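Text of the file input-v1.txt, holding compact mmCIF, C-alpha atoms:
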```
# COMPACT_ATOMS: atom_id res chain seq x y z
CA MET A 142 21.17 -23.47 0.78
CA SER A 143 24.65 -22.32 1.80
CA HIS A 144 27.65 -24.62 1.41
CA PRO A 145 30.96 -24.78 3.29
CA PRO A 146 33.77 -22.83 1.59
CA VAL A 147 36.05 -24.73 -0.76
CA ARG A 148 39.53 -24.81 0.75
CA ILE A 149 42.16 -25.64 -1.87
CA ALA A 150 45.59 -27.05 -1.04
CA ALA A 151 48.43 -28.44 -3.13
CA ALA A 152 50.71 -31.46 -2.87
CA PRO A 153 54.33 -31.97 -3.95
CA ILE A 154 53.42 -35.06 -6.01
CA SER A 155 51.85 -32.69 -8.56
CA TRP A 156 55.44 -31.58 -9.16
CA GLY A 157 56.68 -35.17 -9.40
CA VAL A 158 58.03 -35.31 -5.83
CA SER A 159 57.54 -38.87 -4.57
CA GLU A 160 58.75 -41.31 -1.91
CA VAL A 161 59.16 -44.09 -4.50
CA PRO A 162 62.83 -44.86 -5.30
CA GLY A 163 63.67 -44.07 -8.92
CA TRP A 164 60.34 -42.31 -9.49
CA GLY A 165 61.85 -39.57 -11.64
CA HIS A 166 63.57 -36.21 -11.46
CA GLN A 167 62.92 -34.61 -8.06
CA LEU A 168 62.48 -30.84 -8.04
CA THR A 169 63.85 -28.89 -5.09
CA PRO A 170 61.57 -27.78 -2.25
CA GLY A 171 62.36 -24.14 -3.06
CA HIS A 172 61.18 -24.56 -6.64
CA VAL A 173 57.98 -26.39 -5.70
CA LEU A 174 56.99 -24.21 -2.75
CA ALA A 175 57.67 -21.00 -4.67
CA GLN A 176 55.38 -22.13 -7.49
CA MET A 177 52.64 -23.01 -4.99
CA ARG A 178 52.98 -19.54 -3.50
CA ASP A 179 52.93 -17.88 -6.90
CA LEU A 180 49.64 -19.63 -7.71
CA GLY A 181 48.10 -18.08 -4.62
CA ILE A 182 47.75 -21.43 -2.90
CA GLU A 183 48.06 -21.05 0.84
CA ALA A 184 48.43 -24.65 2.02
CA THR A 185 50.10 -27.93 1.10
CA GLU A 186 50.63 -31.47 2.25
CA PHE A 187 54.11 -32.28 3.55
CA GLY A 188 55.35 -34.48 0.73
CA PRO A 189 57.64 -37.48 1.26
CA ASP A 190 60.31 -37.84 3.94
CA GLY A 191 63.26 -35.62 3.11
CA PHE A 192 61.33 -33.06 1.09
CA LEU A 193 60.92 -30.82 4.12
CA PRO A 194 63.16 -30.73 7.22
CA GLU A 195 62.59 -33.59 9.65
CA ASP A 196 62.36 -31.34 12.72
CA PRO A 197 58.70 -30.28 13.18
CA GLU A 198 59.53 -26.65 13.99
CA GLN A 199 61.89 -26.35 11.02
CA LYS A 200 59.29 -27.96 8.79
CA ALA A 201 56.73 -25.36 9.82
CA ALA A 202 59.24 -22.53 9.44
CA THR A 203 60.18 -23.64 5.92
CA LEU A 204 56.55 -23.59 4.82
CA ALA A 205 55.92 -20.25 6.52
CA SER A 206 58.88 -18.71 4.66
CA PHE A 207 56.92 -19.30 1.44
CA GLY A 208 53.63 -18.07 2.92
CA LEU A 209 52.33 -21.63 3.22
CA ARG A 210 50.84 -23.75 5.96
CA ALA A 211 50.42 -27.51 6.10
CA VAL A 212 47.09 -29.31 5.95
CA GLY A 213 48.45 -32.80 6.58
CA GLY A 214 50.62 -35.42 5.02
CA PHE A 215 50.77 -38.86 3.44
CA LEU A 216 52.01 -41.58 5.78
CA PRO A 217 52.49 -45.08 4.31
CA LEU A 218 52.62 -47.69 7.06
CA VAL A 219 52.76 -51.48 7.11
CA LEU A 220 49.65 -52.25 9.15
CA HIS A 221 49.16 -56.01 8.62
CA ASP A 222 52.34 -57.19 10.40
CA THR A 223 51.74 -58.31 14.00
CA THR A 224 55.42 -57.77 14.87
CA THR A 225 55.35 -54.05 13.98
CA ASP A 226 53.62 -51.35 16.02
CA PRO A 227 52.97 -48.24 13.89
CA LEU A 228 52.02 -45.90 16.74
CA SER A 229 55.53 -44.56 17.43
CA ILE A 230 55.80 -43.46 13.79
CA VAL A 231 52.29 -42.00 13.95
CA ASP A 232 53.17 -40.02 17.08
CA ARG A 233 56.24 -38.45 15.43
CA PHE A 234 54.13 -37.58 12.41
CA ILE A 235 51.49 -35.96 14.62
CA ASP A 236 54.23 -33.91 16.29
CA ALA A 237 55.02 -32.46 12.86
CA LEU A 238 51.35 -31.87 12.11
CA ARG A 239 50.78 -29.98 15.34
CA ALA A 240 53.88 -27.85 14.91
CA SER A 241 52.64 -26.78 11.47
CA GLY A 242 49.01 -26.30 12.45
CA ALA A 243 48.06 -29.20 10.18
CA GLU A 244 45.07 -31.43 10.68
CA VAL A 245 45.16 -34.76 8.85
CA VAL A 246 47.23 -37.95 9.02
CA VAL A 247 46.65 -39.49 5.58
CA VAL A 248 47.37 -43.17 6.17
CA ALA A 249 48.13 -45.69 3.43
CA ALA A 250 48.24 -49.41 4.22
CA ALA A 251 51.64 -50.07 2.66
CA SER A 252 52.48 -53.46 1.21
CA GLY A 253 56.01 -53.48 2.63
CA ALA A 254 57.61 -53.32 -0.83
CA ASP A 255 59.09 -50.30 -2.57
CA GLY A 256 56.74 -48.71 -5.06
CA TYR A 257 53.18 -49.54 -5.98
CA ASP A 258 53.50 -52.17 -8.70
CA ALA A 259 53.06 -55.34 -6.61
CA ARG A 260 51.45 -56.36 -3.33
CA PRO A 261 50.90 -59.56 -1.33
CA ASP A 262 47.60 -61.27 -0.52
CA LEU A 263 46.59 -60.97 3.14
CA ASP A 264 45.09 -63.78 5.18
CA ALA A 265 42.26 -63.29 7.68
CA GLY A 266 44.65 -62.70 10.56
CA GLN A 267 46.61 -60.06 8.71
CA TRP A 268 43.39 -58.29 7.76
CA ARG A 269 42.32 -58.32 11.41
CA THR A 270 45.65 -56.76 12.41
CA LEU A 271 45.33 -54.11 9.69
CA LEU A 272 41.83 -53.10 10.79
CA GLU A 273 42.81 -53.03 14.47
CA ASN A 274 45.78 -50.80 13.67
CA LEU A 275 43.57 -48.41 11.72
CA ASP A 276 41.32 -48.02 14.76
CA ARG A 277 44.33 -47.54 17.04
CA ILE A 278 45.67 -44.82 14.73
CA ALA A 279 42.28 -43.11 14.56
CA GLU A 280 42.00 -43.14 18.36
CA ARG A 281 45.53 -41.80 18.84
CA ALA A 282 44.89 -39.01 16.34
CA THR A 283 41.70 -37.99 18.13
CA GLU A 284 43.47 -38.04 21.50
CA ARG A 285 46.09 -35.66 20.11
CA GLY A 286 43.68 -33.28 18.41
CA VAL A 287 44.08 -34.25 14.75
CA ILE A 288 42.26 -36.49 12.26
CA ALA A 289 43.33 -39.78 10.69
CA ALA A 290 42.02 -40.94 7.32
CA ILE A 291 42.69 -44.09 5.30
CA HIS A 292 43.82 -43.41 1.74
CA PRO A 293 42.84 -46.19 -0.69
CA HIS A 294 45.84 -46.31 -3.01
CA VAL A 295 46.95 -48.44 -5.92
CA GLY A 296 49.60 -50.94 -4.83
CA THR A 297 48.65 -50.83 -1.13
CA MET A 298 46.56 -53.30 0.83
CA VAL A 299 43.47 -51.10 0.40
CA GLN A 300 43.11 -50.76 -3.35
CA THR A 301 40.02 -52.52 -4.74
CA SER A 302 36.38 -51.63 -4.15
CA ASP A 303 35.94 -54.73 -1.95
CA GLU A 304 38.94 -53.73 0.17
CA VAL A 305 37.68 -50.18 0.57
CA GLU A 306 34.30 -51.45 1.76
CA ARG A 307 35.99 -53.94 4.08
CA VAL A 308 37.87 -51.10 5.77
CA LEU A 309 34.81 -48.86 6.05
CA THR A 310 32.78 -51.72 7.50
CA GLY A 311 35.48 -53.12 9.77
CA SER A 312 37.08 -49.97 11.19
CA ARG A 313 36.15 -46.51 12.43
CA ILE A 314 38.87 -44.49 10.70
CA GLY A 315 37.88 -41.61 8.43
CA LEU A 316 38.18 -41.77 4.64
CA CYS A 317 40.48 -39.83 2.36
CA VAL A 318 38.67 -39.74 -0.97
CA ASP A 319 41.31 -39.83 -3.69
CA THR A 320 39.26 -39.68 -6.87
CA GLY A 321 42.11 -41.00 -8.99
CA HIS A 322 43.28 -43.96 -6.94
CA LEU A 323 39.69 -45.01 -6.26
CA MET A 324 38.87 -45.04 -9.97
CA VAL A 325 42.06 -46.91 -10.89
CA GLY A 326 41.22 -49.46 -8.17
CA GLY A 327 37.76 -50.03 -9.63
CA THR A 328 35.68 -47.84 -7.29
CA ASP A 329 33.27 -45.13 -8.44
CA PRO A 330 34.39 -42.29 -6.13
CA VAL A 331 31.12 -40.36 -6.35
CA ALA A 332 29.03 -43.43 -5.53
CA LEU A 333 31.36 -44.20 -2.61
CA VAL A 334 30.82 -40.74 -1.14
CA GLU A 335 27.07 -41.09 -1.59
CA ARG A 336 27.19 -44.35 0.41
CA HIS A 337 29.51 -43.07 3.16
CA PRO A 338 29.28 -39.26 3.32
CA ALA A 339 29.90 -39.12 7.06
CA ARG A 340 33.23 -40.95 6.73
CA VAL A 341 34.85 -38.40 4.40
CA THR A 342 37.44 -36.36 6.30
CA HIS A 343 39.90 -35.46 3.53
CA VAL A 344 39.87 -35.21 -0.28
CA HIS A 345 42.52 -35.61 -2.98
CA LEU A 346 41.25 -34.47 -6.37
CA LYS A 347 42.71 -36.20 -9.42
CA ASP A 348 41.38 -36.68 -12.91
CA VAL A 349 42.12 -39.91 -14.76
CA ASP A 350 42.65 -41.29 -18.24
CA ALA A 351 40.12 -44.15 -18.12
CA LYS A 352 41.88 -46.24 -20.77
CA LEU A 353 45.14 -46.27 -18.84
CA ALA A 354 43.26 -46.88 -15.58
CA HIS A 355 41.61 -49.98 -17.06
CA GLU A 356 44.99 -51.27 -18.21
CA VAL A 357 46.33 -50.96 -14.65
CA LEU A 358 43.20 -52.57 -13.18
CA ARG A 359 43.49 -55.53 -15.57
CA GLY A 360 47.21 -55.93 -14.87
CA GLU A 361 48.19 -55.01 -18.43
CA ARG A 362 50.35 -52.06 -17.36
CA SER A 363 52.14 -51.25 -14.11
CA PHE A 364 51.03 -48.26 -12.08
CA GLY A 365 54.38 -46.54 -12.49
CA ASP A 366 54.37 -46.96 -16.25
CA ALA A 367 50.80 -45.66 -16.43
CA VAL A 368 51.71 -42.54 -14.45
CA ALA A 369 54.59 -41.88 -16.82
CA ALA A 370 52.17 -42.28 -19.75
CA GLY A 371 49.76 -39.69 -18.33
CA LEU A 372 47.39 -41.72 -16.15
CA PHE A 373 46.50 -38.66 -14.09
CA ARG A 374 45.20 -35.55 -15.79
CA PRO A 375 44.50 -31.92 -14.82
CA LEU A 376 41.03 -31.60 -13.34
CA GLY A 377 38.30 -31.37 -15.94
CA THR A 378 40.38 -33.01 -18.70
CA GLY A 379 39.92 -36.68 -17.76
CA ASP A 380 37.18 -39.20 -17.12
CA VAL A 381 36.34 -38.68 -13.43
CA GLU A 382 33.18 -36.72 -12.69
CA ILE A 383 35.11 -34.13 -10.70
CA ALA A 384 32.42 -31.43 -10.86
CA ARG A 385 29.79 -33.90 -9.66
CA MET A 386 32.11 -35.07 -6.88
CA ILE A 387 32.59 -31.51 -5.60
CA ARG A 388 28.84 -30.87 -5.70
CA VAL A 389 28.11 -34.10 -3.80
CA LEU A 390 30.70 -33.32 -1.15
CA ARG A 391 29.39 -29.81 -0.64
CA ARG A 392 25.79 -31.02 -0.51
CA HIS A 393 26.76 -33.39 2.31
CA GLY A 394 28.49 -30.57 4.21
CA TYR A 395 32.11 -31.52 3.65
CA ALA A 396 34.19 -28.67 5.07
CA GLY A 397 37.71 -30.12 4.82
CA TRP A 398 40.48 -29.54 2.30
CA TYR A 399 40.42 -30.22 -1.43
CA VAL A 400 44.00 -31.18 -2.23
CA LEU A 401 45.00 -30.86 -5.88
CA GLU A 402 46.97 -33.99 -6.71
CA GLN A 403 48.12 -35.02 -10.16
CA ASP A 404 50.77 -37.70 -9.75
CA ILE A 405 53.41 -37.20 -12.43
CA LYS A 406 56.91 -38.39 -13.27
CA LEU A 407 59.51 -35.97 -14.57
CA SER A 408 62.27 -37.21 -16.87
CA GLY A 409 64.39 -34.17 -16.10
CA VAL A 410 64.27 -30.45 -15.40
CA PRO A 411 61.02 -29.27 -17.03
CA ASP A 412 60.90 -26.63 -19.72
CA GLY A 413 59.05 -23.39 -19.04
CA GLU A 414 56.48 -23.52 -16.25
CA GLY A 415 56.56 -27.30 -16.09
CA PRO A 416 53.97 -28.80 -13.73
CA LEU A 417 52.78 -25.35 -12.67
CA SER A 418 50.57 -25.02 -15.74
CA ASP A 419 48.62 -28.22 -14.96
CA VAL A 420 48.15 -27.24 -11.31
CA ARG A 421 46.82 -23.87 -12.45
CA VAL A 422 44.27 -25.61 -14.72
CA SER A 423 43.13 -27.78 -11.81
CA ARG A 424 42.88 -24.85 -9.40
CA ASP A 425 40.85 -22.81 -11.87
CA TYR A 426 38.53 -25.74 -12.54
CA VAL A 427 37.72 -26.19 -8.85
CA LEU A 428 37.07 -22.47 -8.42
CA GLN A 429 34.78 -22.49 -11.45
CA VAL A 430 32.81 -25.52 -10.28
CA ALA A 431 32.47 -24.16 -6.74
CA SER A 432 31.39 -20.64 -7.76
```
Hey, can you dump this file as structure tokens for me?
Amino acid sequence: MSHPPVRIAAAPISWGVSEVPGWGHQLTPGHVLAQMRDLGIEATEFGPDGFLPEDPEQKAATLASFGLRAVGGFLPLVLHDTTTDPLSIVDRFIDALRASGAEVVVVAAASGADGYDARPDLDAGQWRTLLENLDRIAERATERGVIAAIHPHVGTMVQTSDEVERVLTGSRIGLCVDTGHLMVGGTDPVALVERHPARVTHVHLKDVDAKLAHEVLRGERSFGDAVAAGLFRPLGTGDVEIARMIRVLRRHGYAGWYVLEQDIKLSGVPDGEGPLSDVRVSRDYVLQVAS
């Protein structure tokens, strides 16, 4: 039986580039994009606002100057507030996607606070608004020729296994399977894909230190502190069944991107190769598993 090809992309967060204030030392776009290129990676997600130029054409030109294209980008949005309409932000984001030939709006249901260490509890009305907005975003993306996917993420309103299932049951939006954030939130990512294979439209591959993940899940350690302590690991060196996940996805015909994501924090300018060495390990692991 033939399987779809494995398309590997990178993400700036693997170099410590994050939208969270005070996250850590932020490497320059030139440094990050050059290292992606030197690894032979041909595609990336956008990274946070300000990492690439705001203008869609300039964004695409910057990536092209390093031999890269975009596959999509991470878009945190407050979706549970009835006084806020996210579609104008989504439309601007889709403009950038289309200019770069990218395909996926990776939506996170933001809490409204900076960072990912605390979040409010939503009432039934706020949940209804969130689910309605997810459907509106999915419909707008389809109308404009791209794909929208919800990204379960620690510290957002879609974090726990119950919340993930609530979204998949109550909305029509596609699913971004982030193996790391799902595990930290208490969801078995492989079992989730087995239950909902047709919903998977995008994949972020992370490996995880299970001990640190359990500390975050039990509220014993903040997400940010856990990342700094090495919560996310190069693929094949942690406790997520990454090889099994790739086999399951391929068996179900997944033909989208596999984005290498290892959220890290940098305390300063890295010595030697820095994050490049971990990304290389992850890339080689995926190629080995998929061969």
- Which of A:Glu306, A:Asp264, A:Glu183, A:Asp236 sits closest to Ile149 of chain A [using all atoms listed in the file]: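 Once distances to Ile149 of chain A are computed over all atoms listed in the file, the minimum belongs to A:Glu183.
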For Met324 of chain A, find every residue with an atom within 9 Å (counting all atoms listed in the file), except residues of its own chain fewer than 6 positions away, and show them as a PDB file with C-alpha atoms, in the coordinates of the input.
```pdb
ATOM      1  CA  PRO A 330      34.390 -42.290  -6.130  1.00  0.00           C
ATOM      2  CA  VAL A 349      42.120 -39.910 -14.760  1.00  0.00           C
ATOM      3  CA  ALA A 351      40.120 -44.150 -18.120  1.00  0.00           C
ATOM      4  CA  ALA A 354      43.260 -46.880 -15.580  1.00  0.00           C
ATOM      5  CA  VAL A 381      36.340 -38.680 -13.430  1.00  0.00           C
TER       6      VAL A 381
END
```
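Of the listed residues A:Ala184, A:Ala151, A:Leu417, A:Ala254, the one whose atoms come nearest to Lys347 of chain A is A:Ala151, with distances taken using only C-alpha atoms.
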- Message: I need the residue nearest Val389 of chain A from this list: A:Val147, A:Ala369, A:Ala175, A:Val331. Use only C-alpha atoms for the distance.
- Response: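 Smallest distance to Val389 of chain A is found for A:Val331.
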- Which one of A:Val308, A:Ile387, A:Leu376, A:Val161 sits closest to Gln403 of chain A if you count only C-alpha atoms?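 When distances to Gln403 of chain A are compared using only C-alpha atoms, the smallest one comes from A:Leu376.
Note that atom CA of Asp319 of chain A and atom CA of His292 of chain A are 7.0 Å apart.
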- Item | Closest of A:Pro375, A:Gly171, A:Gly415, A:Gly365 to Glu402 of chain A - atom-to-atom distances counting all atoms listed in the file | A:Pro375
Residue contacts of Arg385 of chain A (12 Å, all atoms listed in the file) excluding same-chain residues fewer than 3 positions away, as an mmCIF file with C-alpha atoms, keeping the file's coordinate frame:
```
data_model
loop_
_atom_site.group_PDB
_atom_site.id
_atom_site.type_symbol
_atom_site.label_atom_id
_atom_site.label_comp_id
_atom_site.auth_asym_id
_atom_site.auth_seq_id
_atom_site.Cartn_x
_atom_site.Cartn_y
_atom_site.Cartn_z
ATOM 1 C CA THR A 320 39.260 -39.680 -6.870
ATOM 2 C CA ASP A 329 33.270 -45.130 -8.440
ATOM 3 C CA PRO A 330 34.390 -42.290 -6.130
ATOM 4 C CA VAL A 331 31.120 -40.360 -6.350
ATOM 5 C CA ALA A 332 29.030 -43.430 -5.530
ATOM 6 C CA VAL A 334 30.820 -40.740 -1.140
ATOM 7 C CA GLU A 335 27.070 -41.090 -1.590
ATOM 8 C CA LEU A 346 41.250 -34.470 -6.370
ATOM 9 C CA GLY A 377 38.300 -31.370 -15.940
ATOM 10 C CA ASP A 380 37.180 -39.200 -17.120
ATOM 11 C CA VAL A 381 36.340 -38.680 -13.430
ATOM 12 C CA GLU A 382 33.180 -36.720 -12.690
ATOM 13 C CA ARG A 388 28.840 -30.870 -5.700
ATOM 14 C CA VAL A 389 28.110 -34.100 -3.800
ATOM 15 C CA LEU A 390 30.700 -33.320 -1.150
ATOM 16 C CA ARG A 391 29.390 -29.810 -0.640
ATOM 17 C CA ARG A 392 25.790 -31.020 -0.510
ATOM 18 C CA VAL A 427 37.720 -26.190 -8.850
ATOM 19 C CA VAL A 430 32.810 -25.520 -10.280
ATOM 20 C CA ALA A 431 32.470 -24.160 -6.740
#
```
- Item | Residue neighbourhood Gly296 of chain A, 12 Å, all atoms listed in the file, exclusion window fewer than 3 positions, as an MDAnalysis selection string | chainID A and resid 161 217 249:262 292:293 299:301 322:323 325:326 357:358 360 363:365
- Message: So that I can see what lies close to Leu316 of chain A, please list as a list in words the residues with an atom at most 9 Å from it, counting all atoms listed in the file and leaving out residues fewer than 4 positions away in the same chain.
- Response: Val247, Ala289, Ala290, Ile291, His292, Pro293, Leu309, His337, Arg340, Val341, Thr342, His343 and Val344 of chain A
- Message: Calculated over all atoms listed in the file, which of the candidates A:Trp164, A:Tyr426, A:Phe215, A:Phe192 has the smallest distance to Val245 of chain A?
- Response: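 Looking at the shortest contact to Val245 of chain A, the residue is A:Phe215.
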Produce a table with one row for each residue of segment 262-305 of chain A that has an atom at most 8 Å from any atom of segment 223-234 of chain A, each row naming the nearest atom pair and its distance in Å at one decimal; use only C-alpha atoms; arrange rows by chain and rising residue number; format as a tab-separated table.
```
residue	atom	partner	partner_atom	distance
A:Gln267	CA	A:Thr223	CA	7.6
A:Thr270	CA	A:Thr223	CA	6.5
A:Asn274	CA	A:Pro227	CA	7.6
A:Arg277	CA	A:Leu228	CA	7.9
A:Ile278	CA	A:Leu228	CA	6.7
A:Arg281	CA	A:Leu228	CA	8.0
```
- Message: So the first atom is atom CA of Asp350 of chain A and the second is atom CA of Arg374 of chain A; what is the distance between them in Å, to one decimal place?
- Response: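 Calculated distance between atom CA of Asp350 of chain A and atom CA of Arg374 of chain A is 6.7 Å.
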